[in-house]
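Peer 1: For reference, this is start14.pdb, and it has PDB, C-alpha atoms, pLDDT in the B column.
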```pdb
ATOM      1  CA  MET A1267       0.000   0.000   0.000  1.00 94.00           C
ATOM      2  CA  SER A1268       3.027   2.292  -0.367  1.00 94.00           C
ATOM      3  CA  ASP A1269       1.390   3.988  -3.355  1.00 95.00           C
ATOM      4  CA  CYS A1270      -1.246   5.528  -1.081  1.00 96.00           C
ATOM      5  CA  ILE A1271       0.687   5.737   2.189  1.00 97.00           C
ATOM      6  CA  ASN A1272       0.475   9.546   2.362  1.00 97.00           C
ATOM      7  CA  GLU A1273      -3.325   9.527   2.255  1.00 98.00           C
ATOM      8  CA  ILE A1274      -3.424   6.671   4.760  1.00 98.00           C
ATOM      9  CA  THR A1275      -1.047   8.489   7.118  1.00 98.00           C
ATOM     10  CA  ASP A1276      -3.078  11.695   6.837  1.00 98.00           C
ATOM     11  CA  GLY A1277      -6.202   9.730   7.710  1.00 98.00           C
ATOM     12  CA  PHE A1278      -4.488   8.125  10.698  1.00 98.00           C
ATOM     13  CA  HIS A1279      -3.511  11.482  12.155  1.00 98.00           C
ATOM     14  CA  ALA A1280      -6.882  13.040  11.337  1.00 98.00           C
ATOM     15  CA  VAL A1281      -8.620  10.433  13.486  1.00 98.00           C
ATOM     16  CA  PHE A1282      -6.148  10.770  16.358  1.00 98.00           C
ATOM     17  CA  ASP A1283      -6.300  14.572  16.203  1.00 98.00           C
ATOM     18  CA  SER A1284     -10.091  14.423  16.380  1.00 97.00           C
ATOM     19  CA  GLN A1285      -9.779  12.302  19.544  1.00 95.00           C
ATOM     20  CA  GLY A1286      -7.349  14.518  21.444  1.00 96.00           C
ATOM     21  CA  GLY A1287      -4.197  12.954  20.019  1.00 97.00           C
ATOM     22  CA  GLY A1288      -4.135   9.843  22.177  1.00 97.00           C
ATOM     23  CA  HIS A1289      -6.233   7.587  24.381  1.00 97.00           C
ATOM     24  CA  ASN A1290      -9.705   8.474  25.644  1.00 96.00           C
ATOM     25  CA  ASN A1291      -9.580  12.034  24.264  1.00 95.00           C
ATOM     26  CA  GLN A1292      -6.275  12.732  25.995  1.00 96.00           C
ATOM     27  CA  LYS A1293      -2.865  13.486  24.502  1.00 96.00           C
ATOM     28  CA  HIS A1294      -0.557  10.535  23.903  1.00 97.00           C
ATOM     29  CA  ASP A1295       1.696  10.601  26.968  1.00 95.00           C
ATOM     30  CA  GLY A1296       4.428   8.260  25.714  1.00 95.00           C
ATOM     31  CA  GLU A1297       3.987   6.116  28.817  1.00 95.00           C
ATOM     32  CA  SER A1298       1.135   3.823  27.753  1.00 96.00           C
ATOM     33  CA  ARG A1299      -0.349   2.615  24.499  1.00 97.00           C
ATOM     34  CA  SER A1300      -2.990   4.863  22.982  1.00 98.00           C
ATOM     35  CA  CYS A1301      -5.825   2.986  21.285  1.00 98.00           C
ATOM     36  CA  ILE A1302      -8.899   4.212  19.389  1.00 98.00           C
ATOM     37  CA  VAL A1303     -11.775   1.840  18.545  1.00 98.00           C
ATOM     38  CA  PRO A1304     -13.401   1.850  16.070  1.00 98.00           C
ATOM     39  CA  PHE A1305     -10.687   3.471  13.987  1.00 99.00           C
ATOM     40  CA  ILE A1306     -10.948   3.407  10.208  1.00 99.00           C
ATOM     41  CA  ASP A1307     -14.701   3.864  10.683  1.00 99.00           C
ATOM     42  CA  GLN A1308     -14.127   7.492  11.705  1.00 98.00           C
ATOM     43  CA  ASN A1309     -12.612   8.623   8.391  1.00 98.00           C
ATOM     44  CA  LYS A1310     -14.159   8.177   4.950  1.00 98.00           C
ATOM     45  CA  HIS A1311     -10.813   7.537   3.234  1.00 98.00           C
ATOM     46  CA  LEU A1312      -9.760   4.932   5.786  1.00 99.00           C
ATOM     47  CA  SER A1313     -13.224   3.344   5.711  1.00 99.00           C
ATOM     48  CA  ALA A1314     -12.775   2.936   1.959  1.00 98.00           C
ATOM     49  CA  LEU A1315      -9.802   0.629   2.580  1.00 98.00           C
ATOM     50  CA  LEU A1316     -12.413  -2.090   3.096  1.00 98.00           C
ATOM     51  CA  ASP A1317     -13.420  -1.564  -0.546  1.00 98.00           C
ATOM     52  CA  GLU A1318      -9.861  -1.231  -1.913  1.00 98.00           C
ATOM     53  CA  PRO A1319      -9.436  -4.002  -4.518  1.00 98.00           C
ATOM     54  CA  ARG A1320      -6.188  -5.353  -3.082  1.00 98.00           C
ATOM     55  CA  ILE A1321      -7.494  -5.452   0.482  1.00 98.00           C
ATOM     56  CA  HIS A1322     -10.940  -6.700  -0.508  1.00 99.00           C
ATOM     57  CA  GLY A1323      -9.499  -9.371  -2.792  1.00 98.00           C
ATOM     58  CA  LEU A1324      -7.114 -10.582  -0.109  1.00 98.00           C
ATOM     59  CA  LEU A1325      -9.918 -10.916   2.426  1.00 99.00           C
ATOM     60  CA  CYS A1326     -12.249 -12.642  -0.036  1.00 99.00           C
ATOM     61  CA  SER A1327      -9.557 -15.162  -0.941  1.00 98.00           C
ATOM     62  CA  LEU A1328      -8.993 -16.056   2.712  1.00 98.00           C
ATOM     63  CA  LEU A1329     -12.477 -15.747   4.193  1.00 98.00           C
ATOM     64  CA  GLY A1330     -14.943 -15.976   1.321  1.00 98.00           C
ATOM     65  CA  ASP A1331     -16.844 -13.324  -0.603  1.00 98.00           C
ATOM     66  CA  ASP A1332     -19.302 -12.826   2.273  1.00 98.00           C
ATOM     67  CA  PHE A1333     -16.722 -12.210   5.015  1.00 99.00           C
ATOM     68  CA  ASN A1334     -17.626 -10.113   8.066  1.00 99.00           C
ATOM     69  CA  TYR A1335     -15.840  -6.881   8.932  1.00 99.00           C
ATOM     70  CA  MET A1336     -15.176  -7.145  12.675  1.00 99.00           C
ATOM     71  CA  GLY A1337     -13.861  -3.686  13.454  1.00 98.00           C
ATOM     72  CA  SER A1338     -10.646  -1.732  13.551  1.00 98.00           C
ATOM     73  CA  ASP A1339      -8.277  -0.242  16.092  1.00 98.00           C
ATOM     74  CA  GLY A1340      -5.735   2.555  15.722  1.00 98.00           C
ATOM     75  CA  ASN A1341      -2.675   2.534  17.938  1.00 98.00           C
ATOM     76  CA  ILE A1342       0.337   4.492  19.064  1.00 98.00           C
ATOM     77  CA  TYR A1343       2.392   1.792  20.753  1.00 96.00           C
ATOM     78  CA  VAL A1344       4.785   2.154  23.660  1.00 96.00           C
ATOM     79  CA  GLY A1345       7.543  -0.346  24.462  1.00 94.00           C
ATOM     80  CA  ASP A1346       7.159  -4.122  24.433  1.00 96.00           C
ATOM     81  CA  THR A1347       4.109  -6.289  23.817  1.00 96.00           C
ATOM     82  CA  ASN A1348       4.310  -9.777  25.333  1.00 96.00           C
ATOM     83  CA  TRP A1349       3.388 -12.995  23.529  1.00 97.00           C
ATOM     84  CA  HIS A1350      -0.342 -13.439  23.009  1.00 96.00           C
ATOM     85  CA  SER A1351      -3.086 -14.442  20.602  1.00 96.00           C
ATOM     86  CA  ASP A1352      -5.928 -12.152  19.585  1.00 95.00           C
ATOM     87  CA  GLY A1353      -8.672 -14.745  19.992  1.00 90.00           C
ATOM     88  CA  TRP A1354      -9.680 -18.402  20.054  1.00 86.00           C
ATOM     89  CA  ASN A1355     -13.087 -18.261  18.421  1.00 83.00           C
ATOM     90  CA  GLU A1356     -14.403 -21.687  17.473  1.00 80.00           C
ATOM     91  CA  GLY A1357     -15.918 -22.567  14.144  1.00 82.00           C
ATOM     92  CA  SER A1358     -14.820 -19.539  12.111  1.00 91.00           C
ATOM     93  CA  LEU A1359     -11.527 -18.135  10.870  1.00 96.00           C
ATOM     94  CA  TYR A1360     -10.665 -14.601  11.967  1.00 98.00           C
ATOM     95  CA  VAL A1361      -7.742 -12.585  10.627  1.00 98.00           C
ATOM     96  CA  LYS A1362      -6.100  -9.260  11.350  1.00 98.00           C
ATOM     97  CA  ILE A1363      -4.593  -6.945   8.752  1.00 98.00           C
ATOM     98  CA  ALA A1364      -1.993  -4.673  10.340  1.00 98.00           C
ATOM     99  CA  PHE A1365      -1.059  -1.446   8.539  1.00 98.00           C
ATOM    100  CA  TYR A1366       2.330   0.017   9.435  1.00 96.00           C
ATOM    101  CA  LEU A1367       3.254   3.695   9.100  1.00 97.00           C
ATOM    102  CA  ASP A1368       6.859   3.486  10.352  1.00 97.00           C
ATOM    103  CA  SER A1369      10.050   1.602   9.505  1.00 97.00           C
ATOM    104  CA  ILE A1370      10.524  -0.972  12.243  1.00 97.00           C
ATOM    105  CA  SER A1371      12.773  -3.999  12.570  1.00 98.00           C
ATOM    106  CA  ARG A1372      13.362  -6.929  14.892  1.00 96.00           C
ATOM    107  CA  ASP A1373      14.897  -4.804  17.639  1.00 94.00           C
ATOM    108  CA  THR A1374      12.741  -1.706  17.212  1.00 97.00           C
ATOM    109  CA  GLY A1375       9.280  -3.181  17.689  1.00 96.00           C
ATOM    110  CA  CYS A1376       8.316  -5.101  14.555  1.00 98.00           C
ATOM    111  CA  LEU A1377       5.902  -8.015  14.770  1.00 98.00           C
ATOM    112  CA  ARG A1378       7.405 -11.352  15.782  1.00 98.00           C
ATOM    113  CA  VAL A1379       5.459 -14.566  15.252  1.00 98.00           C
ATOM    114  CA  VAL A1380       5.808 -18.244  16.158  1.00 97.00           C
ATOM    115  CA  PRO A1381       4.882 -20.289  13.064  1.00 97.00           C
ATOM    116  CA  GLY A1382       2.358 -23.024  13.739  1.00 95.00           C
ATOM    117  CA  SER A1383       1.192 -21.561  17.034  1.00 95.00           C
ATOM    118  CA  HIS A1384      -2.289 -21.005  15.571  1.00 95.00           C
ATOM    119  CA  ASN A1385      -2.894 -24.773  15.441  1.00 93.00           C
ATOM    120  CA  VAL A1386      -4.686 -25.072  18.748  1.00 83.00           C
ATOM    121  CA  ASP A1387      -5.741 -28.680  18.245  1.00 87.00           C
ATOM    122  CA  ASP A1388      -2.237 -30.157  18.300  1.00 91.00           C
ATOM    123  CA  ALA A1389       0.188 -30.631  21.191  1.00 95.00           C
ATOM    124  CA  TYR A1390       2.598 -27.959  19.948  1.00 94.00           C
ATOM    125  CA  GLY A1391       0.002 -25.215  19.660  1.00 92.00           C
ATOM    126  CA  ALA A1392      -1.646 -26.186  22.941  1.00 92.00           C
ATOM    127  CA  ALA A1393       1.685 -26.152  24.801  1.00 94.00           C
ATOM    128  CA  LEU A1394       2.597 -22.735  23.431  1.00 94.00           C
ATOM    129  CA  ASN A1395      -0.777 -21.396  24.480  1.00 92.00           C
ATOM    130  CA  ASP A1396      -0.171 -22.620  28.022  1.00 93.00           C
ATOM    131  CA  PHE A1397       3.480 -21.656  28.439  1.00 94.00           C
ATOM    132  CA  LEU A1398       4.444 -18.813  26.090  1.00 94.00           C
ATOM    133  CA  PRO A1399       2.734 -15.937  27.956  1.00 92.00           C
ATOM    134  CA  GLN A1400       5.166 -16.526  30.891  1.00 95.00           C
ATOM    135  CA  PRO A1401       8.469 -17.087  29.056  1.00 95.00           C
ATOM    136  CA  ASN A1402      10.777 -16.384  31.994  1.00 95.00           C
ATOM    137  CA  THR A1403       8.978 -18.846  34.239  1.00 96.00           C
ATOM    138  CA  ASN A1404       8.407 -21.577  31.663  1.00 96.00           C
ATOM    139  CA  PHE A1405      11.430 -21.289  29.367  1.00 95.00           C
ATOM    140  CA  GLY A1406      14.016 -19.502  31.486  1.00 96.00           C
ATOM    141  CA  MET A1407      14.388 -16.629  29.036  1.00 97.00           C
ATOM    142  CA  PRO A1408      12.808 -13.250  28.377  1.00 97.00           C
ATOM    143  CA  GLY A1409      10.104 -13.013  25.762  1.00 97.00           C
ATOM    144  CA  SER A1410      12.449 -11.179  23.418  1.00 97.00           C
ATOM    145  CA  ASP A1411      14.680 -14.286  23.221  1.00 98.00           C
ATOM    146  CA  ILE A1412      11.937 -16.754  22.268  1.00 97.00           C
ATOM    147  CA  PRO A1413      12.768 -18.284  18.844  1.00 97.00           C
ATOM    148  CA  SER A1414      10.480 -16.615  16.336  1.00 98.00           C
ATOM    149  CA  ILE A1415      10.217 -14.953  12.944  1.00 98.00           C
ATOM    150  CA  ALA A1416      10.646 -11.170  12.905  1.00 98.00           C
ATOM    151  CA  LEU A1417       8.704  -9.361  10.183  1.00 98.00           C
ATOM    152  CA  ASP A1418      10.493  -6.101   9.379  1.00 98.00           C
ATOM    153  CA  VAL A1419       8.233  -3.510   7.753  1.00 98.00           C
ATOM    154  CA  GLU A1420       8.399  -0.216   5.899  1.00 97.00           C
ATOM    155  CA  PRO A1421       5.649   2.422   5.706  1.00 97.00           C
ATOM    156  CA  GLY A1422       2.833   1.077   3.555  1.00 95.00           C
ATOM    157  CA  ASP A1423       3.532  -2.578   4.320  1.00 97.00           C
ATOM    158  CA  ILE A1424       0.690  -4.704   5.615  1.00 97.00           C
ATOM    159  CA  LEU A1425       0.745  -7.991   7.489  1.00 98.00           C
ATOM    160  CA  ILE A1426      -2.183 -10.384   7.730  1.00 98.00           C
ATOM    161  CA  PHE A1427      -2.396 -13.229  10.219  1.00 98.00           C
ATOM    162  CA  ASN A1428      -4.736 -15.626  11.984  1.00 98.00           C
ATOM    163  CA  HIS A1429      -6.085 -14.289  15.293  1.00 97.00           C
ATOM    164  CA  ARG A1430      -4.851 -17.467  16.971  1.00 96.00           C
ATOM    165  CA  LEU A1431      -1.210 -16.945  15.982  1.00 97.00           C
ATOM    166  CA  LYS A1432       1.122 -16.130  18.876  1.00 97.00           C
ATOM    167  CA  HIS A1433       2.778 -12.762  18.282  1.00 98.00           C
ATOM    168  CA  SER A1434       4.680 -10.050  20.140  1.00 98.00           C
ATOM    169  CA  SER A1435       6.984  -7.060  19.657  1.00 97.00           C
ATOM    170  CA  TRP A1436      10.118  -5.956  21.494  1.00 98.00           C
ATOM    171  CA  GLY A1437      12.388  -2.930  21.696  1.00 96.00           C
ATOM    172  CA  GLY A1438      10.028  -0.379  20.212  1.00 95.00           C
ATOM    173  CA  ASP A1439       9.915   3.305  21.044  1.00 95.00           C
ATOM    174  CA  ASN A1440       6.898   5.193  22.362  1.00 96.00           C
ATOM    175  CA  GLN A1441       5.547   6.544  19.062  1.00 96.00           C
ATOM    176  CA  ARG A1442       4.973   3.465  16.867  1.00 96.00           C
ATOM    177  CA  ARG A1443       1.948   3.949  14.606  1.00 98.00           C
ATOM    178  CA  MET A1444      -0.137   1.018  13.443  1.00 97.00           C
ATOM    179  CA  PHE A1445      -3.790   0.321  12.783  1.00 98.00           C
ATOM    180  CA  THR A1446      -5.735  -2.832  12.022  1.00 98.00           C
ATOM    181  CA  ILE A1447      -8.672  -4.202  10.112  1.00 99.00           C
ATOM    182  CA  ASN A1448     -10.167  -7.341  11.662  1.00 99.00           C
ATOM    183  CA  CYS A1449     -12.378  -9.673   9.651  1.00 99.00           C
ATOM    184  CA  GLY A1450     -13.864 -13.135   9.914  1.00 98.00           C
ATOM    185  CA  GLU A1451     -15.743 -15.709   7.933  1.00 98.00           C
ATOM    186  CA  HIS A1452     -19.503 -15.313   7.572  1.00 98.00           C
ATOM    187  CA  VAL A1453     -20.885 -17.323  10.482  1.00 97.00           C
ATOM    188  CA  ILE A1454     -23.264 -20.243  10.056  1.00 96.00           C
ATOM    189  CA  ASP A1455     -26.181 -20.506  12.484  1.00 96.00           C
ATOM    190  CA  GLU A1456     -24.404 -23.041  14.677  1.00 95.00           C
ATOM    191  CA  PHE A1457     -21.714 -20.514  15.557  1.00 95.00           C
ATOM    192  CA  ILE A1458     -23.833 -17.375  16.002  1.00 97.00           C
ATOM    193  CA  PRO A1459     -23.322 -17.581  19.802  1.00 96.00           C
ATOM    194  CA  GLY A1460     -19.581 -17.353  19.155  1.00 96.00           C
ATOM    195  CA  LEU A1461     -20.092 -14.290  16.973  1.00 97.00           C
ATOM    196  CA  LYS A1462     -22.140 -12.644  19.714  1.00 97.00           C
ATOM    197  CA  HIS A1463     -19.414 -13.486  22.221  1.00 97.00           C
ATOM    198  CA  TYR A1464     -16.840 -11.819  19.970  1.00 97.00           C
ATOM    199  CA  ILE A1465     -19.047  -8.726  19.708  1.00 98.00           C
ATOM    200  CA  ALA A1466     -19.517  -8.665  23.487  1.00 98.00           C
ATOM    201  CA  GLY A1467     -15.747  -8.417  23.880  1.00 97.00           C
ATOM    202  CA  SER A1468     -15.873  -4.967  22.294  1.00 98.00           C
ATOM    203  CA  ALA A1469     -17.767  -3.611  25.302  1.00 98.00           C
ATOM    204  CA  ARG A1470     -14.373  -2.965  26.872  1.00 98.00           C
ATOM    205  CA  PHE A1471     -13.947  -0.194  24.293  1.00 98.00           C
ATOM    206  CA  TRP A1472     -17.261   1.412  25.343  1.00 98.00           C
ATOM    207  CA  LEU A1473     -18.901   0.846  21.945  1.00 98.00           C
ATOM    208  CA  ASP A1474     -22.641   1.088  21.393  1.00 97.00           C
ATOM    209  CA  SER A1475     -22.147  -0.320  17.881  1.00 98.00           C
ATOM    210  CA  MET A1476     -19.304  -2.260  16.331  1.00 99.00           C
ATOM    211  CA  TYR A1477     -19.122   0.280  13.503  1.00 99.00           C
ATOM    212  CA  GLY A1478     -18.683   4.029  13.323  1.00 98.00           C
ATOM    213  CA  GLU A1479     -21.264   6.188  11.587  1.00 98.00           C
ATOM    214  CA  ILE A1480     -18.962   7.155   8.703  1.00 99.00           C
ATOM    215  CA  MET A1481     -18.297   3.493   7.918  1.00 99.00           C
ATOM    216  CA  LYS A1482     -22.036   2.846   7.660  1.00 98.00           C
ATOM    217  CA  GLU A1483     -23.033   6.088   5.950  1.00 98.00           C
ATOM    218  CA  THR A1484     -20.456   5.718   3.164  1.00 98.00           C
ATOM    219  CA  ALA A1485     -21.041   1.997   2.578  1.00 99.00           C
ATOM    220  CA  GLY A1486     -22.104   0.847  -0.862  1.00 98.00           C
ATOM    221  CA  PRO A1487     -23.749  -2.533  -1.537  1.00 98.00           C
ATOM    222  CA  GLN A1488     -20.429  -4.408  -1.575  1.00 98.00           C
ATOM    223  CA  ARG A1489     -19.330  -3.051   1.800  1.00 99.00           C
ATOM    224  CA  MET A1490     -22.750  -3.495   3.385  1.00 99.00           C
ATOM    225  CA  LYS A1491     -22.551  -7.206   2.658  1.00 99.00           C
ATOM    226  CA  HIS A1492     -19.622  -7.330   5.081  1.00 99.00           C
ATOM    227  CA  LEU A1493     -21.451  -5.364   7.800  1.00 99.00           C
ATOM    228  CA  GLU A1494     -24.912  -6.921   7.808  1.00 99.00           C
ATOM    229  CA  GLN A1495     -24.383 -10.032   9.930  1.00 99.00           C
ATOM    230  CA  VAL A1496     -22.628  -8.149  12.715  1.00 99.00           C
ATOM    231  CA  LEU A1497     -25.248  -5.380  12.704  1.00 99.00           C
ATOM    232  CA  ALA A1498     -27.942  -8.048  13.010  1.00 99.00           C
ATOM    233  CA  ASN A1499     -26.266  -9.585  16.073  1.00 99.00           C
ATOM    234  CA  GLU A1500     -24.960  -6.635  18.111  1.00 99.00           C
ATOM    235  CA  GLY A1501     -28.126  -5.808  20.042  1.00 98.00           C
ATOM    236  CA  HIS A1502     -26.554  -6.763  23.373  1.00 99.00           C
ATOM    237  CA  LEU A1503     -23.461  -4.569  22.975  1.00 99.00           C
ATOM    238  CA  ALA A1504     -24.774  -1.191  24.152  1.00 98.00           C
ATOM    239  CA  ALA A1505     -25.902  -2.511  27.545  1.00 99.00           C
ATOM    240  CA  LEU A1506     -22.593  -4.287  28.089  1.00 99.00           C
ATOM    241  CA  SER A1507     -20.709  -1.110  27.218  1.00 99.00           C
ATOM    242  CA  ALA A1508     -22.837   0.910  29.625  1.00 98.00           C
ATOM    243  CA  GLN A1509     -21.779  -1.461  32.396  1.00 98.00           C
ATOM    244  CA  ALA A1510     -18.136  -1.239  31.292  1.00 98.00           C
ATOM    245  CA  ARG A1511     -18.302   2.553  31.612  1.00 98.00           C
ATOM    246  CA  LYS A1512     -19.474   2.135  35.203  1.00 98.00           C
ATOM    247  CA  ASP A1513     -16.803  -0.418  36.033  1.00 98.00           C
ATOM    248  CA  ASN A1514     -13.735   1.192  34.417  1.00 98.00           C
ATOM    249  CA  LYS A1515     -12.209   4.664  34.435  1.00 97.00           C
ATOM    250  CA  GLU A1516     -11.309   4.520  30.734  1.00 97.00           C
ATOM    251  CA  PRO A1517     -11.914   2.287  27.705  1.00 98.00           C
ATOM    252  CA  SER A1518      -9.480  -0.541  27.126  1.00 97.00           C
ATOM    253  CA  ARG A1519      -6.071   0.169  25.597  1.00 97.00           C
ATOM    254  CA  GLY A1520      -6.154  -3.049  23.602  1.00 92.00           C
TER     255      GLY A1520
END
```
Using the file provided, produce a representation of the structure as structure tokens.
Peer 2:
Amino acid sequence: MSDCINEITDGFHAVFDSQGGGHNNQKHDGESRSCIVPFIDQNKHLSALLDEPRIHGLLCSLLGDDFNYMGSDGNIYVGDTNWHSDGWNEGSLYVKIAFYLDSISRDTGCLRVVPGSHNVDDAYGAALNDFLPQPNTNFGMPGSDIPSIALDVEPGDILIFNHRLKHSSWGGDNQRRMFTINCGEHVIDEFIPGLKHYIAGSARFWLDSMYGEIMKETAGPQRMKHLEQVLANEGHLAALSAQARKDNKEPSRG
């Protein structure tokens, strides 16, 4: 996406500037990650990335022509991110597309992954899920020394990976810019409860709807196909978010 990186970067900063520059309408303090959800939904040019032929074609090839858009987050990262997966939803494949706006390498905060760790039904994947989040205790080494593949990136590069894949980053500064598009397969009736559970998880971001108004207002027929199933199954989200506002002093940072 290097051919449109300037427009993408302008959109990134436009959204952050409209939200105070950092987390929860506050300036980015350089001490903690700033996170805005939903993200691309708040800018018409970024929302249109869901329609962009390269992005749309990639998602269709992995998830089917009727894939679900599952939301987006924009981030200014600070420091290290320990090993983790983004989800373990049963029955459907979910992927994340990460858009990078800075040059980052192995020792300056790029994504590191453990190949095969998304296979939760085998002994290897199950063991990593149990032991990798506490590398010092379980392997006698810091997380930064775990054998892995480092994915260096330049502005405009994108990475796409299974939500189940174990990933981390190490050595980054306090101004790393990245945003995501999350998508999943269209869910058959058997797995609708899992879809609703996924949606419920977004209450931590204080969302009344999974999608921003600009995303919905600017959607043509093709994009709406990727919004409809989530919109039809998010009726419980607003009440959960109302409770999250009572229970927490700020929306989640990730």
Peer 1: A:Gly1337: which residues within 10 Å, counting all atoms listed in the file, same-chain residues fewer than 2 positions away excluded, as a PDB file with C-alpha atoms, keeping the file's coordinate frame?
Peer 2:
```pdb
ATOM      1  CA  VAL A1303     -11.775   1.840  18.545  1.00 98.00           C
ATOM      2  CA  PRO A1304     -13.401   1.850  16.070  1.00 98.00           C
ATOM      3  CA  PHE A1305     -10.687   3.471  13.987  1.00 99.00           C
ATOM      4  CA  ILE A1306     -10.948   3.407  10.208  1.00 99.00           C
ATOM      5  CA  ASP A1307     -14.701   3.864  10.683  1.00 99.00           C
ATOM      6  CA  ASN A1334     -17.626 -10.113   8.066  1.00 99.00           C
ATOM      7  CA  TYR A1335     -15.840  -6.881   8.932  1.00 99.00           C
ATOM      8  CA  ASP A1339      -8.277  -0.242  16.092  1.00 98.00           C
ATOM      9  CA  LYS A1362      -6.100  -9.260  11.350  1.00 98.00           C
ATOM     10  CA  THR A1446      -5.735  -2.832  12.022  1.00 98.00           C
ATOM     11  CA  ILE A1447      -8.672  -4.202  10.112  1.00 99.00           C
ATOM     12  CA  ASN A1448     -10.167  -7.341  11.662  1.00 99.00           C
ATOM     13  CA  CYS A1449     -12.378  -9.673   9.651  1.00 99.00           C
ATOM     14  CA  ILE A1465     -19.047  -8.726  19.708  1.00 98.00           C
ATOM     15  CA  SER A1468     -15.873  -4.967  22.294  1.00 98.00           C
ATOM     16  CA  SER A1475     -22.147  -0.320  17.881  1.00 98.00           C
ATOM     17  CA  MET A1476     -19.304  -2.260  16.331  1.00 99.00           C
ATOM     18  CA  TYR A1477     -19.122   0.280  13.503  1.00 99.00           C
ATOM     19  CA  GLY A1478     -18.683   4.029  13.323  1.00 98.00           C
ATOM     20  CA  LEU A1493     -21.451  -5.364   7.800  1.00 99.00           C
ATOM     21  CA  VAL A1496     -22.628  -8.149  12.715  1.00 99.00           C
TER      22      VAL A1496
END
```
Peer 1: Find the residues around A:Phe1445 up to 10 Å (all atoms listed in the file counted), leave out those fewer than 6 positions away in its own chain, and share them as a VMD selection string.
Peer 2: chain A and resid 1278 1301 to 1303 1305 to 1306 1338 to 1342 1362 to 1367 1424
Peer 1: Enclose all atoms of stretch 1285-1303 of chain A listed in the file in an axis-aligned box, grow every side by 6 Å, and hand back centre and edge lengths in Å to one decimal, as lines of an AutoDock Vina configuration file.
Peer 2:
```
center_x = -3.7
center_y = 8.2
center_z = 23.7
size_x = 28.2
size_y = 24.7
size_z = 22.3
```
Peer 1: Given the file shown, determine the residues that the PyMOL selection byres ((chain A and resi 1495) around 10) selects; report them as a ChimeraX atom specification.
Peer 2: /A:1332-1335,1452-1453,1458,1461,1490-1494,1496-1500
Peer 1: Since I can't run it myself right now, could you work out what the PyMOL selection byres ((chain A and resi 1350) around 6) selects here and report it as a PyMOL selection string?
Peer 2: chain A and resi 1349+1351+1432-1433
Peer 1: What do you get, as an MDAnalysis selection string, if you spell out every residue that the PyMOL selection byres ((chain A and resi 1385-1388) around 12) selects here?
Peer 2: chainID A and resid 1351 1353:1356 1359 1380:1384 1389:1396 1428:1432
Peer 1: Which one of A:Asp1276, A:Gln1488, A:Trp1436, A:Lys1310 sits closest to A:Asp1331 if you count all atoms listed in the file?
Peer 2: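 Residue with the minimum atom-to-atom distance to A:Asp1331: A:Gln1488.
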Peer 1: Show which residues sit within 9 Å of stretch 1419-1422 of chain A, as a PyMOL selection string. Count only C-alpha atoms, and ignore same-chain residues fewer than 2 positions away.
Peer 2: chain A and resi 1267-1272+1274+1365-1371+1376-1377+1417+1424-1425
